[in-house]
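Report on the structure given below.
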Amino acid sequence: MHTACARWSTCCSVTNQPIMKAIILCGGLGTRMREETEYRPKPMVDIGGRPILWHILKYYAHFDVRDFVLCLGYKGQMIKDYFLNYEAMNADFTMSLGRLSAISYHAAHEEQDFRVTLSDTGATTMTGGRVARVKKYIGRERFLVTYGDGLTDLDLGAALRFHEAHGKLATVMTVRPTSRFGVMDVNGDGKVDAFAEKPALEGWVNAGYFIFEPEVFDYLSIDESCVLEREPLERLAAEGELMAYRHDGFFFAMDTYREYQQLNAMWDNGKAPWWTPRKTAIARTTPRHVLKTA
């Protein structure tokens with residue numbers, strides 16, 4: 001087991017009661033890393049012997065978020081099979097065969113209090129349509145949304161306090177973009193005065209970790225063409241209901257095979273910032289955690 005696993009007990013959440021639900025988008029095709037996704041959905045690609053989806057769930061669990069809704073699509077049956085077999089694959093067990101078949105598990109894994117809802121949201125549905133289609137599992141509560149391929153050490157407690165303080169409907173985590181190439185400062189004679197390998201660029205980009213109030217569902221459609229990052233977020237921004245939480249720490253999206261290799265190298269070298277995220281406590285009750293129904 002990775003050495004960080006031994007540290008889990010020192011950074012786990014302080015209460016056993018879930019705070020809110022997290023929607024994880026797991027239905028994309030992952031076309032830019034076909035080496036892995038031709039045979040399995042991207043959230044099931046392994047980092048350190050565990051699916052990246054598992055790492056995302058464990059990240060949220062640091063902050064008492066243990067109630068998850070997975071939006072399935074491409075090869076979603078593989079994700080269903082993973083969770084249906086989770087107990088057997090993570091513990092020793094004894095089976096009684098025959099007409100009185102039974103299974104007894106001999107150990108308790110650390111995910112005993114996780115609650116995972118798996119919802120088939122369509123093979124080709126876009127991100128906004130997927131979120132809209134799982135509204136029935138969220139209700140009238142504040143909820144979280146992220147993609148099934150990004151890891152971070154974001155202090156979710158601090159982000160939630162920021163969200164509550166501004167009182168808007170939506171918060172998106174933003175990070176500084178990084179250049180794919182080394183950048184040089186070259187003078188008129190061709191002399192390189194400075195060189196920076198893949199520096200941070202100006203501006204802020206969407207890192208794909210969201211905090212939403214339930215009214216955000218009013219901006220979405222179950223139509224499979226609804227793209228969360230287009231008309232819904234554009235409308236929220238135009239109406240002054242979208243705020244950006246600036247994160248200056250670790251964020252890494254696994255979009256290519258090379259990035260898959262980089263994440264595995266981080267894990268193998270014991271340098272996985274998402275495993276021990278920055279952490280401050282999340283309040284049990286918040287002003288808008290549950291809205292009254294009419």
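By convention in this document, the chains of the structure tokens carry letters A, B, ... by their order, each chain's residues are numbered from 1, and ligands are numbered from 1 in the order they are shown.
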Please tabulate, as a Markdown table, the residues of stretch 118-166 of chain A that come within 8 Å of stretch 220-226 of chain A, each with its closest pair of atoms and the distance in Å to one decimal, counting only C-alpha atoms and ordering rows by chain, then residue number upward.
| residue | atom | partner | partner_atom | distance |
| --- | --- | --- | --- | --- |
| A:Gly122 | CA | A:Glu224 | CA | 7.7 |
| A:Thr124 | CA | A:Glu224 | CA | 6.9 |
| A:Thr125 | CA | A:Glu224 | CA | 4.1 |
| A:Met126 | CA | A:Glu224 | CA | 5.5 |
| A:Thr127 | CA | A:Cys226 | CA | 6.8 |
| A:Gly128 | CA | A:Cys226 | CA | 4.9 |
| A:Gly129 | CA | A:Ile222 | CA | 4.5 |
| A:Arg130 | CA | A:Ile222 | CA | 7.0 |
| A:Val131 | CA | A:Leu220 | CA | 7.8 |
| A:Ala132 | CA | A:Ile222 | CA | 5.2 |
| A:Arg133 | CA | A:Ile222 | CA | 5.5 |
Just to be explicit: take each residue in the selection above, keep N, CA and C atoms, and write the result as a compact mmCIF listing (two decimals), in the first residue's frame.
# COMPACT_ATOMS: atom_id res chain seq x y z
N GLY A 122 -26.98 8.64 -20.20
CA GLY A 122 -26.94 8.66 -21.66
C GLY A 122 -25.54 8.54 -22.21
N THR A 124 -24.32 9.79 -25.04
CA THR A 124 -23.78 10.97 -25.73
C THR A 124 -24.22 12.27 -25.08
N THR A 125 -24.81 12.21 -23.90
CA THR A 125 -25.31 13.42 -23.24
C THR A 125 -24.15 14.31 -22.82
N MET A 126 -24.31 15.61 -22.99
CA MET A 126 -23.29 16.57 -22.59
C MET A 126 -23.39 16.86 -21.09
N THR A 127 -22.43 17.61 -20.58
CA THR A 127 -22.28 17.78 -19.13
C THR A 127 -23.49 18.37 -18.44
N GLY A 128 -24.09 19.41 -19.03
CA GLY A 128 -25.25 20.03 -18.41
C GLY A 128 -26.44 19.11 -18.36
N GLY A 129 -26.66 18.36 -19.45
CA GLY A 129 -27.74 17.40 -19.48
C GLY A 129 -27.57 16.30 -18.45
N ARG A 130 -26.34 15.88 -18.23
CA ARG A 130 -26.08 14.83 -17.23
C ARG A 130 -26.43 15.33 -15.83
N VAL A 131 -26.00 16.54 -15.49
CA VAL A 131 -26.32 17.08 -14.16
C VAL A 131 -27.83 17.23 -14.00
N ALA A 132 -28.50 17.74 -15.02
CA ALA A 132 -29.95 17.93 -14.94
C ALA A 132 -30.68 16.60 -14.74
N ARG A 133 -30.18 15.54 -15.32
CA ARG A 133 -30.87 14.25 -15.26
C ARG A 133 -30.76 13.57 -13.88
Q.
DSSP on the backbone, alpha helix (DSSP H) only: what residues of stretch 84-245 of chain A does that give? Format it as a ChimeraX atom specification.
A. /A:84,86-89,127-133,156-166,231-238
Write a file of the selected residues as a short mmCIF file (atom, residue, chain, number, x, y, z; two decimals), in the first residue's frame, keeping C-alpha atoms.
data_model
loop_
_atom_site.label_atom_id
_atom_site.label_comp_id
_atom_site.auth_asym_id
_atom_site.auth_seq_id
_atom_site.Cartn_x
_atom_site.Cartn_y
_atom_site.Cartn_z
CA LEU A 84 -21.15 -3.90 -7.19
CA TYR A 86 -16.37 -3.41 -4.16
CA GLU A 87 -16.83 -5.43 -0.97
CA ALA A 88 -15.42 -8.62 -2.45
CA MET A 89 -12.47 -6.86 -4.06
CA THR A 127 -22.28 17.78 -19.13
CA GLY A 128 -25.25 20.03 -18.41
CA GLY A 129 -27.74 17.40 -19.48
CA ARG A 130 -26.08 14.83 -17.23
CA VAL A 131 -26.32 17.08 -14.16
CA ALA A 132 -29.95 17.93 -14.94
CA ARG A 133 -30.87 14.25 -15.26
CA LEU A 156 -12.99 22.70 0.12
CA GLY A 157 -13.87 24.15 3.53
CA ALA A 158 -12.38 27.51 2.57
CA ALA A 159 -14.13 27.40 -0.82
CA LEU A 160 -17.48 26.75 0.86
CA ARG A 161 -17.01 29.68 3.23
CA PHE A 162 -16.24 31.85 0.20
CA HIS A 163 -19.41 30.58 -1.47
CA GLU A 164 -21.56 31.31 1.57
CA ALA A 165 -20.06 34.77 2.01
CA HIS A 166 -20.86 35.99 -1.51
CA GLU A 231 -25.21 28.55 -21.92
CA PRO A 232 -25.88 27.66 -18.23
CA LEU A 233 -22.61 29.09 -16.87
CA GLU A 234 -22.71 31.95 -19.38
CA ARG A 235 -26.20 32.92 -18.13
CA LEU A 236 -25.16 32.64 -14.50
CA ALA A 237 -22.19 34.90 -15.21
CA ALA A 238 -24.30 37.42 -17.15
#
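For the atom pair formed by atom CA of A:Ala91 and atom CA of A:Arg50, the distance is 14.9 Å, given to one decimal.
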Q | Pick from A:Leu169, A:Leu154, A:Ala265, A:Leu118, whichever lies nearest to A:Asp248 using only C-alpha atoms | A |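 Using only C-alpha atoms, the shortest distance to A:Asp248 belongs to A:Leu154.
Those residues that approach A:Asn264 to within 9 Å, counting only C-alpha atoms, are Asp46, Ile47, Gly48, Gly49, Glu259, Tyr260, Gln261, Trp267, Asp268, Asn269 and Ala272 of chain A; same-chain residues fewer than 3 positions away are not listed.
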Since we have the selection now, will you write its residues out, keeping N, CA and C atoms, as a tab-separated table (two decimals), in the first residue's frame?
chain	number	residue	atom	x	y	z
A	46	ASP	N	-6.44	3.71	-13.86
A	46	ASP	CA	-5.78	3.57	-12.56
A	46	ASP	C	-4.68	4.61	-12.32
A	47	ILE	N	-4.68	5.11	-11.09
A	47	ILE	CA	-3.57	5.89	-10.56
A	47	ILE	C	-3.10	5.14	-9.31
A	48	GLY	N	-1.91	4.61	-9.35
A	48	GLY	CA	-1.41	3.85	-8.22
A	48	GLY	C	-2.23	2.62	-7.90
A	49	GLY	N	-2.79	1.98	-8.93
A	49	GLY	CA	-3.54	0.76	-8.72
A	49	GLY	C	-4.99	0.95	-8.34
A	259	GLU	N	-0.18	12.69	-19.23
A	259	GLU	CA	-0.62	13.16	-17.92
A	259	GLU	C	-0.99	11.99	-17.01
A	260	TYR	N	-1.52	10.93	-17.58
A	260	TYR	CA	-1.75	9.70	-16.83
A	260	TYR	C	-0.43	9.18	-16.25
A	261	GLN	N	0.61	9.19	-17.05
A	261	GLN	CA	1.91	8.73	-16.58
A	261	GLN	C	2.47	9.66	-15.50
A	267	TRP	N	2.30	9.55	-7.61
A	267	TRP	CA	1.87	8.59	-6.59
A	267	TRP	C	3.01	7.66	-6.19
A	268	ASP	N	3.71	7.13	-7.19
A	268	ASP	CA	4.80	6.18	-6.93
A	268	ASP	C	5.93	6.82	-6.13
A	269	ASN	N	6.12	8.12	-6.31
A	269	ASN	CA	7.19	8.83	-5.61
A	269	ASN	C	6.74	9.41	-4.27
A	272	ALA	N	1.83	13.00	-3.88
A	272	ALA	CA	0.47	13.08	-4.41
A	272	ALA	C	-0.30	14.11	-3.60
